[in-house]
file run_6.cif (mmCIF, C-alpha atoms)
data_target
#
loop_
_atom_site.label_atom_id
_atom_site.label_comp_id
_atom_site.auth_asym_id
_atom_site.auth_seq_id
_atom_site.Cartn_x
_atom_site.Cartn_y
_atom_site.Cartn_z
CA MET Z 1261 -137.12 47.84 -38.47
CA ASN Z 1262 -136.15 49.81 -41.58
CA LEU Z 1263 -136.14 49.56 -45.35
CA GLN Z 1264 -132.38 50.08 -45.69
CA GLU Z 1265 -131.58 46.54 -44.56
CA GLU Z 1266 -132.53 43.68 -46.85
CA LYS Z 1267 -133.54 41.45 -43.95
CA TYR Z 1268 -136.47 43.82 -43.41
CA SER Z 1269 -137.15 45.29 -46.84
CA LYS Z 1270 -137.71 41.95 -48.55
CA TYR Z 1271 -140.94 41.48 -46.63
CA ALA Z 1272 -144.22 43.05 -47.76
CA LEU Z 1273 -145.31 43.01 -44.11
CA VAL Z 1274 -142.51 45.38 -43.10
CA GLN Z 1275 -143.10 47.62 -46.11
CA GLU Z 1276 -146.80 47.87 -45.27
CA MET Z 1277 -146.15 48.56 -41.60
CA LEU Z 1278 -143.89 51.46 -42.56
CA GLU Z 1279 -146.48 52.73 -45.05
CA THR Z 1280 -148.63 53.41 -41.98
CA VAL Z 1281 -146.59 56.57 -41.51
CA LYS Z 1282 -147.98 57.95 -44.78
CA VAL Z 1283 -151.48 56.71 -43.97
CA ALA Z 1284 -151.49 58.74 -40.74
CA GLY Z 1285 -149.86 61.76 -42.35
CA SER Z 1286 -152.31 61.98 -45.24
CA PHE Z 1287 -155.51 60.96 -43.47
CA ASN Z 1288 -158.49 63.06 -44.53
CA ALA Z 1289 -160.95 63.44 -41.67
CA SER Z 1290 -163.43 65.41 -43.77
CA GLN Z 1291 -164.59 62.21 -45.52
CA THR Z 1292 -166.71 61.30 -42.48
CA LYS Z 1293 -168.23 64.74 -41.88
CA ASP Z 1294 -171.45 64.15 -43.83
CA ILE Z 1295 -172.10 60.68 -42.46
CA THR Z 1296 -171.69 61.85 -38.87
CA ASP Z 1297 -175.15 63.43 -38.84
CA LYS Z 1298 -176.74 60.19 -40.06
CA ILE Z 1299 -175.03 58.28 -37.27
CA LYS Z 1300 -175.87 60.94 -34.68
CA ASN Z 1301 -179.54 60.81 -35.69
CA ALA Z 1302 -179.58 57.02 -35.34
CA GLY Z 1303 -178.09 57.37 -31.85
CA LYS Z 1304 -176.79 53.80 -31.90
CA LEU Z 1305 -173.79 52.57 -33.89
CA LEU Z 1306 -172.59 49.03 -34.41
CA LEU Z 1307 -169.04 48.54 -35.70
CA THR Z 1308 -168.74 45.00 -36.98
CA GLY Z 1309 -166.28 42.90 -38.95
CA GLU Z 1310 -163.97 39.98 -38.36
CA GLY Z 1311 -160.48 39.89 -36.85
CA SER Z 1312 -158.24 42.89 -37.41
CA SER Z 1313 -160.95 44.85 -39.22
CA ARG Z 1314 -162.86 45.03 -35.94
CA ILE Z 1315 -160.63 44.58 -32.89
CA PHE Z 1316 -158.63 47.81 -32.75
CA PRO Z 1317 -160.74 50.05 -35.01
CA ALA Z 1318 -163.97 49.37 -33.10
CA LYS Z 1319 -162.65 49.11 -29.56
CA ASN Z 1320 -160.48 52.21 -29.88
CA ALA Z 1321 -163.58 54.14 -30.96
CA ILE Z 1322 -165.62 52.78 -28.06
CA ARG Z 1323 -163.02 53.75 -25.47
CA LYS Z 1324 -162.65 57.25 -26.94
CA ASN Z 1325 -166.40 57.72 -27.08
CA LEU Z 1326 -166.86 56.74 -23.44
CA SER Z 1327 -163.91 58.90 -22.36
CA TRP Z 1328 -165.30 61.94 -24.18
CA GLY Z 1329 -168.82 61.77 -22.77
CA SER Z 1330 -170.68 59.06 -24.70
CA ALA Z 1331 -172.98 61.23 -26.79
CA LEU Z 1332 -173.43 58.18 -29.01
CA ASN Z 1333 -174.02 54.55 -28.08
CA ILE Z 1334 -171.34 52.47 -29.81
CA PHE Z 1335 -171.15 48.69 -29.73
CA THR Z 1336 -169.10 45.99 -31.40
CA ASP Z 1337 -169.45 42.27 -31.99
CA GLY Z 1338 -168.58 39.84 -34.73
CA SER Z 1339 -171.05 39.69 -37.60
CA ARG Z 1340 -172.47 36.25 -36.76
CA GLN Z 1341 -173.37 37.30 -33.22
CA ALA Z 1342 -174.56 40.72 -34.37
CA SER Z 1343 -176.94 39.07 -36.83
CA GLN Z 1344 -178.93 37.80 -33.83
CA TYR Z 1345 -179.59 41.35 -32.59
CA ASP Z 1346 -182.47 43.69 -33.35
CA LEU Z 1347 -180.60 46.23 -35.49
CA LYS Z 1348 -183.52 48.05 -37.08
CA GLU Z 1349 -182.64 51.36 -35.42
CA PHE Z 1350 -178.86 51.04 -35.57
CA ALA Z 1351 -176.39 52.61 -37.93
CA VAL Z 1352 -174.08 49.74 -38.86
CA PHE Z 1353 -170.57 49.84 -40.29
CA CYS Z 1354 -169.56 46.58 -41.94
CA ALA Z 1355 -165.78 46.40 -42.26
CA SER Z 1356 -164.08 43.97 -44.63
CA ASN Z 1357 -160.90 44.84 -46.50
CA SER Z 1358 -161.67 42.32 -49.21
CA GLY Z 1359 -165.37 43.17 -49.31
CA ARG Z 1360 -165.93 39.41 -49.55
CA THR Z 1361 -165.89 38.26 -45.91
CA LYS Z 1362 -168.82 35.86 -45.64
CA GLU Z 1363 -170.04 36.77 -42.16
CA VAL Z 1364 -170.00 40.49 -42.94
CA VAL Z 1365 -171.73 40.19 -46.32
CA LEU Z 1366 -174.50 38.03 -44.85
CA LEU Z 1367 -175.13 40.54 -42.06
CA ALA Z 1368 -175.36 43.38 -44.59
CA LYS Z 1369 -177.84 41.31 -46.59
CA LYS Z 1370 -179.96 40.79 -43.48
CA LEU Z 1371 -179.91 44.55 -42.77
CA ALA Z 1372 -181.16 45.15 -46.31
CA GLU Z 1373 -183.97 42.63 -45.79
CA ILE Z 1374 -185.23 44.54 -42.71
CA ASN Z 1375 -184.97 47.84 -44.61
CA ASN Z 1376 -182.22 49.31 -42.44
CA ASN Z 1377 -180.81 51.95 -44.77
CA ASN Z 1378 -178.06 52.97 -42.35
CA ARG Z 1379 -175.81 50.14 -43.49
CA PHE Z 1380 -172.36 51.31 -44.47
CA ALA Z 1381 -169.30 49.48 -45.81
CA LEU Z 1382 -165.64 50.11 -45.10
CA THR Z 1383 -163.32 48.21 -47.45
CA ALA Z 1384 -159.98 48.37 -49.22
CA ASN Z 1385 -161.46 47.48 -52.62
CA ASN Z 1386 -163.97 48.83 -55.12
CA ASN Z 1387 -166.73 46.79 -56.79
CA THR Z 1388 -167.15 44.18 -54.07
CA LEU Z 1389 -170.02 42.02 -52.84
CA LEU Z 1390 -170.27 44.19 -49.75
CA GLU Z 1391 -170.70 47.30 -51.88
CA GLU Z 1392 -173.67 45.68 -53.60
CA VAL Z 1393 -175.60 45.22 -50.35
CA CYS Z 1394 -174.70 48.43 -48.44
CA THR Z 1395 -176.21 51.86 -48.99
CA GLU Z 1396 -172.91 53.72 -48.83
CA ILE Z 1397 -169.32 52.56 -49.21
CA PHE Z 1398 -166.04 54.04 -48.07
CA VAL Z 1399 -162.81 52.75 -49.58
CA LEU Z 1400 -159.53 52.98 -47.70
CA THR Z 1401 -156.73 54.92 -49.39
CA CYS Z 1402 -153.98 52.61 -48.12
CA GLY Z 1403 -154.61 50.03 -50.84
CA TRP Z 1404 -154.75 46.25 -50.75
CA GLU Z 1405 -152.16 44.58 -48.53
CA GLN Z 1406 -149.94 41.78 -49.85
CA ALA Z 1407 -148.98 40.33 -46.47
CA VAL Z 1408 -151.50 38.06 -44.75
CA ALA Z 1409 -151.35 40.06 -41.51
CA ALA Z 1410 -153.29 43.33 -41.83
CA THR Z 1411 -151.39 46.39 -40.60
CA LYS Z 1412 -151.71 49.76 -42.35
CA SER Z 1413 -155.40 49.10 -43.04
CA VAL Z 1414 -156.02 48.60 -39.30
CA VAL Z 1415 -154.71 52.08 -38.54
CA GLU Z 1416 -156.68 53.70 -41.36
CA GLN Z 1417 -159.88 51.94 -40.29
CA ALA Z 1418 -159.35 53.12 -36.72
CA LEU Z 1419 -158.71 56.70 -37.85
CA PHE Z 1420 -161.83 56.56 -40.01
CA TYR Z 1421 -164.08 55.55 -37.11
CA GLU Z 1422 -162.40 57.93 -34.70
CA SER Z 1423 -162.80 60.84 -37.11
CA ILE Z 1424 -166.58 60.40 -36.81
CA LEU Z 1425 -166.14 61.12 -33.11
CA TRP Z 1426 -163.94 64.14 -33.84
CA HIS Z 1427 -166.82 65.68 -35.76
CA LEU Z 1428 -169.30 64.67 -33.07
CA TYR Z 1429 -167.26 66.16 -30.22
CA ASN Z 1430 -165.86 69.13 -32.18
CA LYS Z 1431 -162.25 67.99 -31.89
CA PRO Z 1432 -160.10 69.59 -34.64
CA SER Z 1433 -158.56 66.87 -36.76
CA ASP Z 1434 -155.33 68.82 -37.25
CA LYS Z 1435 -154.74 68.80 -33.50
CA MET Z 1436 -155.62 65.11 -33.17
CA LEU Z 1437 -153.28 64.18 -36.04
CA ASN Z 1438 -150.49 66.60 -35.11
CA ASN Z 1439 -147.16 64.76 -35.57
CA LEU Z 1440 -148.89 61.38 -35.26
CA ASP Z 1441 -147.11 60.16 -38.40
CA LYS Z 1442 -143.70 61.08 -36.95
CA LYS Z 1443 -144.45 59.36 -33.65
CA ILE Z 1444 -145.67 56.25 -35.45
CA GLU Z 1445 -142.47 56.23 -37.49
CA SER Z 1446 -140.40 56.49 -34.32
CA ALA Z 1447 -142.26 53.53 -32.77
CA LEU Z 1448 -141.80 51.42 -35.90
CA THR Z 1449 -138.10 52.11 -36.38
CA MET Z 1450 -136.72 52.30 -32.83
CA GLN Z 1451 -134.28 49.66 -31.64
CA ILE Z 1452 -135.73 46.96 -29.39
CA ASP Z 1453 -133.52 45.54 -26.62
CA HIS Z 1454 -132.06 42.24 -27.86
CA GLU Z 1455 -132.51 40.66 -24.43
CA ILE Z 1456 -136.24 41.27 -24.60
CA ILE Z 1457 -136.40 39.68 -28.06
CA LYS Z 1458 -134.36 36.67 -26.88
CA LYS Z 1459 -136.73 36.07 -23.98
CA ALA Z 1460 -139.75 36.37 -26.27
CA VAL Z 1461 -138.31 33.94 -28.83
CA THR Z 1462 -137.88 31.25 -26.17
CA ALA Z 1463 -141.14 31.95 -24.34
CA PRO Z 1464 -143.77 29.17 -24.57
CA THR Z 1465 -146.48 31.86 -24.55
CA ILE Z 1466 -146.41 35.59 -25.24
CA TYR Z 1467 -149.05 37.52 -23.31
CA PHE Z 1468 -150.30 41.06 -23.92
CA ALA Z 1469 -152.04 42.86 -21.07
CA GLY Z 1470 -153.73 46.23 -21.08
CA TYR Z 1471 -156.85 48.24 -21.71
CA ASN Z 1472 -159.80 46.85 -23.62
CA ASP Z 1473 -159.22 49.32 -26.46
CA GLY Z 1474 -158.06 46.77 -29.01
CA VAL Z 1475 -154.31 47.42 -28.83
CA ALA Z 1476 -153.19 44.49 -26.68
CA GLU Z 1477 -155.85 42.23 -28.21
CA GLU Z 1478 -154.81 43.07 -31.77
CA LEU Z 1479 -151.15 42.46 -30.89
CA THR Z 1480 -152.16 39.07 -29.52
CA LEU Z 1481 -153.63 38.16 -32.90
CA LYS Z 1482 -150.58 39.53 -34.70
CA THR Z 1483 -148.34 37.40 -32.47
CA ASN Z 1484 -149.98 34.30 -33.91
CA GLU Z 1485 -149.75 35.51 -37.51
CA ILE Z 1486 -146.24 37.01 -37.40
CA THR Z 1487 -144.28 34.92 -34.87
CA ARG Z 1488 -146.30 31.64 -35.02
CA LYS Z 1489 -146.20 31.54 -31.22
CA LYS Z 1490 -149.03 30.98 -28.76
CA SER Z 1491 -150.39 34.17 -27.26
CA ASP Z 1492 -153.16 35.44 -25.04
CA PHE Z 1493 -154.82 38.78 -24.32
CA LEU Z 1494 -155.14 39.63 -20.64
CA GLU Z 1495 -157.61 42.47 -20.27
CA GLY Z 1496 -157.05 44.87 -17.37
CA THR Z 1497 -155.96 42.90 -14.29
CA TYR Z 1498 -156.90 39.49 -15.73
CA ALA Z 1499 -153.16 38.68 -15.57
CA VAL Z 1500 -153.31 38.59 -11.75
CA HIS Z 1501 -156.76 37.04 -11.29
CA GLY Z 1502 -156.19 33.34 -11.79
CA ILE Z 1503 -154.27 32.77 -15.00
CA GLU Z 1504 -151.01 32.92 -13.04
CA GLU Z 1505 -151.87 29.37 -11.95
CA VAL Z 1506 -150.95 28.04 -15.41
CA MET Z 1507 -148.27 30.52 -16.44
CA ASP Z 1508 -144.69 29.35 -16.98
CA LYS Z 1509 -141.64 31.16 -15.62
CA ASN Z 1510 -140.30 31.26 -19.20
CA ASP Z 1511 -143.38 33.11 -20.48
CA ILE Z 1512 -143.28 36.84 -21.20
CA VAL Z 1513 -145.96 39.47 -20.59
CA PHE Z 1514 -145.99 42.77 -22.49
CA VAL Z 1515 -148.06 45.30 -20.53
CA VAL Z 1516 -149.31 48.07 -22.81
CA ASP Z 1517 -149.67 51.45 -21.06
CA PRO Z 1518 -149.56 50.00 -17.52
CA ILE Z 1519 -151.81 51.62 -14.93
CA GLU Z 1520 -149.62 52.88 -12.12
CA ALA Z 1521 -151.94 51.61 -9.38
CA GLU Z 1522 -151.66 48.06 -10.78
CA ILE Z 1523 -147.88 47.85 -11.22
CA GLU Z 1524 -147.18 46.64 -7.69
CA LYS Z 1525 -149.65 43.77 -8.06
CA PHE Z 1526 -148.11 42.72 -11.38
CA GLN Z 1527 -144.68 42.70 -9.72
CA GLU Z 1528 -145.94 40.64 -6.78
CA VAL Z 1529 -147.92 38.05 -8.74
CA LEU Z 1530 -146.06 37.73 -12.04
CA VAL Z 1531 -142.44 38.71 -11.41
CA LYS Z 1532 -142.02 37.43 -7.84
CA GLY Z 1533 -144.75 34.79 -7.85
CA VAL Z 1534 -144.50 33.15 -11.28
CA GLY Z 1535 -140.95 34.33 -11.97
CA LEU Z 1536 -141.67 35.37 -15.55
CA THR Z 1537 -140.57 38.44 -17.48
CA VAL Z 1538 -142.82 41.49 -17.62
CA VAL Z 1539 -142.04 44.23 -20.17
CA ALA Z 1540 -143.88 47.54 -20.33
CA ILE Z 1541 -144.69 49.48 -23.48
CA SER Z 1542 -145.12 53.00 -22.17
CA THR Z 1543 -144.49 56.72 -22.62
CA LYS Z 1544 -142.57 56.76 -19.32
CA GLN Z 1545 -140.20 54.56 -17.39
CA THR Z 1546 -141.67 51.83 -15.19
CA PRO Z 1547 -140.19 49.35 -12.68
CA PHE Z 1548 -140.25 46.78 -15.50
CA PRO Z 1549 -137.93 46.73 -18.51
CA THR Z 1550 -139.62 49.46 -20.55
CA ILE Z 1551 -139.96 50.07 -24.28
CA LEU Z 1552 -140.38 53.83 -24.40
CA ILE Z 1553 -142.56 55.38 -27.07
CA PRO Z 1554 -143.06 59.08 -27.90
CA ASP Z 1555 -146.09 60.58 -26.20
CA ALA Z 1556 -148.97 61.27 -28.62
CA SER Z 1557 -151.48 62.05 -25.87
CA GLU Z 1558 -154.97 60.85 -26.85
CA MET Z 1559 -153.54 59.20 -29.97
CA ASN Z 1560 -151.14 57.01 -27.99
CA PRO Z 1561 -153.00 53.76 -28.81
CA TYR Z 1562 -151.84 54.05 -32.43
CA VAL Z 1563 -148.24 54.46 -31.33
CA TYR Z 1564 -148.49 51.57 -28.86
CA LEU Z 1565 -149.84 49.36 -31.63
CA CYS Z 1566 -146.98 50.23 -33.97
CA ALA Z 1567 -144.38 49.66 -31.27
CA GLY Z 1568 -145.92 46.22 -30.78
CA TRP Z 1569 -145.60 45.50 -34.50
CA ASN Z 1570 -141.93 46.43 -34.31
CA ILE Z 1571 -141.42 43.98 -31.44
CA LEU Z 1572 -143.21 41.17 -33.27
CA VAL Z 1573 -141.19 41.66 -36.47
CA GLU Z 1574 -137.97 41.33 -34.47
CA ILE Z 1575 -139.27 38.19 -32.75
CA GLY Z 1576 -140.32 36.71 -36.08
CA LEU Z 1577 -136.97 37.41 -37.73
CA ALA Z 1578 -135.05 36.08 -34.74
CA SER Z 1579 -137.14 32.91 -35.00
CA GLY Z 1580 -136.37 32.47 -38.71
CA ILE Z 1581 -139.99 33.06 -39.76
CA ASN Z 1582 -141.16 34.04 -43.24
CA LEU Z 1583 -143.15 37.09 -42.15
CA ASP Z 1584 -145.33 37.18 -45.26
CA LYS Z 1585 -146.47 33.57 -45.44
CA PRO Z 1586 -148.11 31.85 -42.47
CA GLU Z 1587 -148.61 28.15 -43.06
CA ARG Z 1588 -152.37 28.12 -42.38
CA ALA Z 1589 -153.70 31.65 -41.95
CA ARG Z 1590 -155.40 33.14 -45.02
CA LYS Z 1591 -155.79 36.68 -46.29
CA VAL Z 1592 -159.58 36.35 -46.44
CA GLY Z 1593 -160.58 34.25 -43.45
CA ASN Z 1594 -163.98 33.06 -44.69
CA GLU Z 1595 -164.76 34.20 -48.22
CA PHE Z 1596 -168.33 34.56 -49.49
CA ILE Z 1597 -168.76 32.45 -52.64
CA GLY Z 1598 -171.89 32.43 -54.74
#
call {"tool": "encode", "arguments": {"input": "run_6.cif", "output": "structure tokens"}}
result
Amino acid sequence: MNLQEEKYSKYALVQEMLETVKVAGSFNASQTKDITDKIKNAGKLLLTGEGSSRIFPAKNAIRKNLSWGSALNIFTDGSRQASQYDLKEFAVFCASNSGRTKEVVLLAKKLAEINNNNRFALTANNNTLLEEVCTEIFVLTCGWEQAVAATKSVVEQALFYESILWHLYNKPSDKMLNNLDKKIESALTMQIDHEIIKKAVTAPTIYFAGYNDGVAEELTLKTNEITRKKSDFLEGTYAVHGIEEVMDKNDIVFVVDPIEAEIEKFQEVLVKGVGLTVVAISTKQTPFPTILIPDASEMNPYVYLCAGWNILVEIGLASGINLDKPERARKVGNEFIG
């Protein structure tokens, strides 16, 4: 995608995806330095929210935390489920771009009622309901998004949470962010093979398989919002543990960052068995048709996510979809009123 061609530039969704480059390039990790000690002292952190405000930002942080030694216990669940937990000793981040998401606001209110002062808000707006019931608020710099599907805010939220871990594990932010903006731009603007797009347009279901770090799961949600097609997230090897029974040979599976030891099984069960198309999104060539992205090392999940957005925009345009206006999906899924 690019902003030089009118077929792309006329959509706020595309503009906002490409603004992610600036979000990554200008991200200020120092904003989370002071709060890191509060979270470290609590020892337990819940990252909650609904939809895109939670999936990638929270799960990316959890995977990084576990990979780096797990000095902090981090959990995630939706706000309704989280409200059933004993959260008295938790630090809790409540994420809602609008600051009006009903489930999130009600959880923050419950935290206030039990005198949990480690309740923090992450939003894209000032002067919101969420701000009124949290002890500290952080406002994203990316601004409010016009398109229904959240994009640049997802990346900034994920960087925000991850930067807490950079402080905790003494990882210099300049090294973590080094050239990330350029690699994101490359993933967003690279050409996608037309044959892959054609197969995806005609596929009854688009599957995303991969790690439980929010990338493939978030792309599954974006598939619904951007392409209006059915989709499913296949965590790890779920794709070869029973679901093949109902897969169609015309389906397509995008495997994000395939694990080398699992490739042969995917070939055997999905390509040879079901007869469907498997496409890899990877930093290196695979036996599958491969969409190559630049290697950003530990920051690869951000680049994978943006490459997936690029793919979905091309599928949406090839399907004649208005990328900015889903027929049923809303910008604020369940708004708190009164």
call {"tool": "resolve_selection", "arguments": {"input": "run_6.cif", "expression": "the PyMOL selection byres ((chain Z and resi 1579) around 12)", "output": "ChimeraX atom specification"}}
result
/Z:1457-1463,1486-1489,1572-1578,1580-1583
call {"tool": "write_last_selection", "arguments": {"input": "run_6.cif", "atoms": "C-alpha atoms", "output": "compact mmCIF listing (two decimals), keeping the file's coordinate frame"}}
result
# COMPACT_ATOMS: atom_id res chain seq x y z
CA ILE Z 1457 -136.40 39.68 -28.06
CA LYS Z 1458 -134.36 36.67 -26.88
CA LYS Z 1459 -136.73 36.07 -23.98
CA ALA Z 1460 -139.75 36.37 -26.27
CA VAL Z 1461 -138.31 33.94 -28.83
CA THR Z 1462 -137.88 31.25 -26.17
CA ALA Z 1463 -141.14 31.95 -24.34
CA ILE Z 1486 -146.24 37.01 -37.40
CA THR Z 1487 -144.28 34.92 -34.87
CA ARG Z 1488 -146.30 31.64 -35.02
CA LYS Z 1489 -146.20 31.54 -31.22
CA LEU Z 1572 -143.21 41.17 -33.27
CA VAL Z 1573 -141.19 41.66 -36.47
CA GLU Z 1574 -137.97 41.33 -34.47
CA ILE Z 1575 -139.27 38.19 -32.75
CA GLY Z 1576 -140.32 36.71 -36.08
CA LEU Z 1577 -136.97 37.41 -37.73
CA ALA Z 1578 -135.05 36.08 -34.74
CA GLY Z 1580 -136.37 32.47 -38.71
CA ILE Z 1581 -139.99 33.06 -39.76
CA ASN Z 1582 -141.16 34.04 -43.24
CA LEU Z 1583 -143.15 37.09 -42.15
call {"tool": "resolve_selection", "arguments": {"input": "run_6.cif", "expression": "the PyMOL selection byres ((chain Z and resi 1471) around 10)", "output": "PyMOL selection string"}}
result
chain Z and resi 1319-1320+1323+1468-1470+1472-1477+1494-1497+1515-1519+1561
call {"tool": "closest_atom_pairs", "arguments": {"input": "run_6.cif", "of": "region 1445-1522 of chain Z", "to": "region 1544-1553 of chain Z", "cutoff": "10 Å", "atoms": "only C-alpha atoms", "output": "JSON lines"}}
result
{"residue": "Z:Ser1446", "atom": "CA", "partner": "Z:Ile1553", "partner_atom": "CA", "distance": 7.6}
{"residue": "Z:Ala1447", "atom": "CA", "partner": "Z:Ile1553", "partner_atom": "CA", "distance": 6.0}
{"residue": "Z:Leu1448", "atom": "CA", "partner": "Z:Ile1553", "partner_atom": "CA", "distance": 9.7}
{"residue": "Z:Met1450", "atom": "CA", "partner": "Z:Ile1553", "partner_atom": "CA", "distance": 8.8}
{"residue": "Z:Gln1451", "atom": "CA", "partner": "Z:Ile1551", "partner_atom": "CA", "distance": 9.3}
{"residue": "Z:Ile1452", "atom": "CA", "partner": "Z:Ile1551", "partner_atom": "CA", "distance": 7.3}
{"residue": "Z:Asp1453", "atom": "CA", "partner": "Z:Ile1551", "partner_atom": "CA", "distance": 8.2}
{"residue": "Z:Ile1456", "atom": "CA", "partner": "Z:Pro1549", "partner_atom": "CA", "distance": 8.4}
{"residue": "Z:Phe1514", "atom": "CA", "partner": "Z:Thr1550", "partner_atom": "CA", "distance": 9.4}
{"residue": "Z:Val1515", "atom": "CA", "partner": "Z:Phe1548", "partner_atom": "CA", "distance": 9.4}
{"residue": "Z:Val1516", "atom": "CA", "partner": "Z:Ile1551", "partner_atom": "CA", "distance": 9.7}
{"residue": "Z:Asp1517", "atom": "CA", "partner": "Z:Lys1544", "partner_atom": "CA", "distance": 9.0}
{"residue": "Z:Pro1518", "atom": "CA", "partner": "Z:Thr1546", "partner_atom": "CA", "distance": 8.4}
{"residue": "Z:Glu1520", "atom": "CA", "partner": "Z:Thr1546", "partner_atom": "CA", "distance": 8.6}
call {"tool": "atom_distance", "arguments": {"input": "run_6.cif", "atom1": "CA of Asn1325 (chain Z)", "atom2": "CA of Ala1556 (chain Z)"}}
result
17.9 Å
call {"tool": "resolve_selection", "arguments": {"input": "run_6.cif", "expression": "the PyMOL selection byres ((chain Z and resi 1500) around 8)", "output": "PDB file with C-alpha atoms, keeping the file's coordinate frame"}}
result
ATOM      1  CA  THR Z1497    -155.960  42.900 -14.290  1.00  0.00           C
ATOM      2  CA  TYR Z1498    -156.900  39.490 -15.730  1.00  0.00           C
ATOM      3  CA  ALA Z1499    -153.160  38.680 -15.570  1.00  0.00           C
ATOM      4  CA  HIS Z1501    -156.760  37.040 -11.290  1.00  0.00           C
ATOM      5  CA  GLY Z1502    -156.190  33.340 -11.790  1.00  0.00           C
ATOM      6  CA  ILE Z1503    -154.270  32.770 -15.000  1.00  0.00           C
ATOM      7  CA  GLU Z1504    -151.010  32.920 -13.040  1.00  0.00           C
ATOM      8  CA  LYS Z1525    -149.650  43.770  -8.060  1.00  0.00           C
ATOM      9  CA  PHE Z1526    -148.110  42.720 -11.380  1.00  0.00           C
ATOM     10  CA  VAL Z1529    -147.920  38.050  -8.740  1.00  0.00           C
ATOM     11  CA  LEU Z1530    -146.060  37.730 -12.040  1.00  0.00           C
TER      12      LEU Z1530
END
call {"tool": "closest_residue", "arguments": {"input": "run_6.cif", "among": "Z:Gly1338, Z:Pro1554, Z:Gly1533, Z:Gly1329", "to": "Leu1425 (chain Z)", "atoms": "all atoms listed in the file"}}
result
Z:Gly1329
call {"tool": "atom_distance", "arguments": {"input": "run_6.cif", "atom1": "CA of Met1559 (chain Z)", "atom2": "CA of Leu1428 (chain Z)"}}
result
17.0 Å
call {"tool": "residues_near_point", "arguments": {"input": "run_6.cif", "point": "(-161.7, 47.1, -50.3)", "cutoff": "9 Å", "atoms": "only C-alpha atoms", "output": "PyMOL selection string"}}
result
chain Z and resi 1356-1360+1382-1388+1398-1400+1403-1404
call {"tool": "write_last_selection", "arguments": {"input": "run_6.cif", "atoms": "C-alpha atoms", "output": "PDB file, keeping the file's coordinate frame"}}
result
ATOM      1  CA  SER Z1356    -164.080  43.970 -44.630  1.00  0.00           C
ATOM      2  CA  ASN Z1357    -160.900  44.840 -46.500  1.00  0.00           C
ATOM      3  CA  SER Z1358    -161.670  42.320 -49.210  1.00  0.00           C
ATOM      4  CA  GLY Z1359    -165.370  43.170 -49.310  1.00  0.00           C
ATOM      5  CA  ARG Z1360    -165.930  39.410 -49.550  1.00  0.00           C
ATOM      6  CA  LEU Z1382    -165.640  50.110 -45.100  1.00  0.00           C
ATOM      7  CA  THR Z1383    -163.320  48.210 -47.450  1.00  0.00           C
ATOM      8  CA  ALA Z1384    -159.980  48.370 -49.220  1.00  0.00           C
ATOM      9  CA  ASN Z1385    -161.460  47.480 -52.620  1.00  0.00           C
ATOM     10  CA  ASN Z1386    -163.970  48.830 -55.120  1.00  0.00           C
ATOM     11  CA  ASN Z1387    -166.730  46.790 -56.790  1.00  0.00           C
ATOM     12  CA  THR Z1388    -167.150  44.180 -54.070  1.00  0.00           C
ATOM     13  CA  PHE Z1398    -166.040  54.040 -48.070  1.00  0.00           C
ATOM     14  CA  VAL Z1399    -162.810  52.750 -49.580  1.00  0.00           C
ATOM     15  CA  LEU Z1400    -159.530  52.980 -47.700  1.00  0.00           C
ATOM     16  CA  GLY Z1403    -154.610  50.030 -50.840  1.00  0.00           C
ATOM     17  CA  TRP Z1404    -154.750  46.250 -50.750  1.00  0.00           C
TER      18      TRP Z1404
END
call {"tool": "closest_residue", "arguments": {"input": "run_6.cif", "among": "Z:Gln1264, Z:Asn1376, Z:Asn1301, Z:Ser1557", "to": "Leu1440 (chain Z)", "atoms": "all atoms listed in the file"}}
result
Z:Ser1557
call {"tool": "residues_around", "arguments": {"input": "run_6.cif", "residues": "region 1353-1355 of chain Z", "least_positions_apart": "4", "cutoff": "6 Å", "atoms": "only C-alpha atoms", "output": "PyMOL selection string"}}
result
chain Z and resi 1307-1309+1313+1380-1382
call {"tool": "closest_residue", "arguments": {"input": "run_6.cif", "among": "Z:Ile1295, Z:Ser1491, Z:Pro1432, Z:Ile1523", "to": "Thr1395 (chain Z)", "atoms": "all atoms listed in the file"}}
result
Z:Ile1295
call {"tool": "atom_distance", "arguments": {"input": "run_6.cif", "atom1": "CA of Leu1479 (chain Z)", "atom2": "CA of Gly1568 (chain Z)"}}
result
6.4 Å
call {"tool": "closest_residue", "arguments": {"input": "run_6.cif", "among": "Z:Thr1336, Z:Val1352, Z:Glu1522, Z:Ala1318", "to": "Ile1397 (chain Z)", "atoms": "all atoms listed in the file"}}
result
Z:Val1352
call {"tool": "closest_residue", "arguments": {"input": "run_6.cif", "among": "Z:Asn1377, Z:Ser1330, Z:Ser1343, Z:Gln1275", "to": "Lys1298 (chain Z)", "atoms": "all atoms listed in the file"}}
result
Z:Asn1377
call {"tool": "closest_residue", "arguments": {"input": "run_6.cif", "among": "Z:His1454, Z:His1427, Z:Lys1369, Z:Lys1482", "to": "Pro1586 (chain Z)", "atoms": "all atoms listed in the file"}}
result
Z:Lys1482
call {"tool": "residues_around", "arguments": {"input": "run_6.cif", "residues": "Leu1332 (chain Z)", "least_positions_apart": "4", "cutoff": "12 Å", "atoms": "only C-alpha atoms", "output": "list in words"}}
result
Thr1296, Asp1297, Lys1298, Ile1299, Lys1300, Asn1301, Ala1302, Gly1303, Lys1304, Leu1305, Leu1306, Ala1321, Ile1322, Arg1323, Lys1324, Asn1325, Leu1326, Ser1327, Trp1328, Phe1350, Ala1351, Ile1424, Leu1425, Leu1428 and Tyr1429 of chain Z
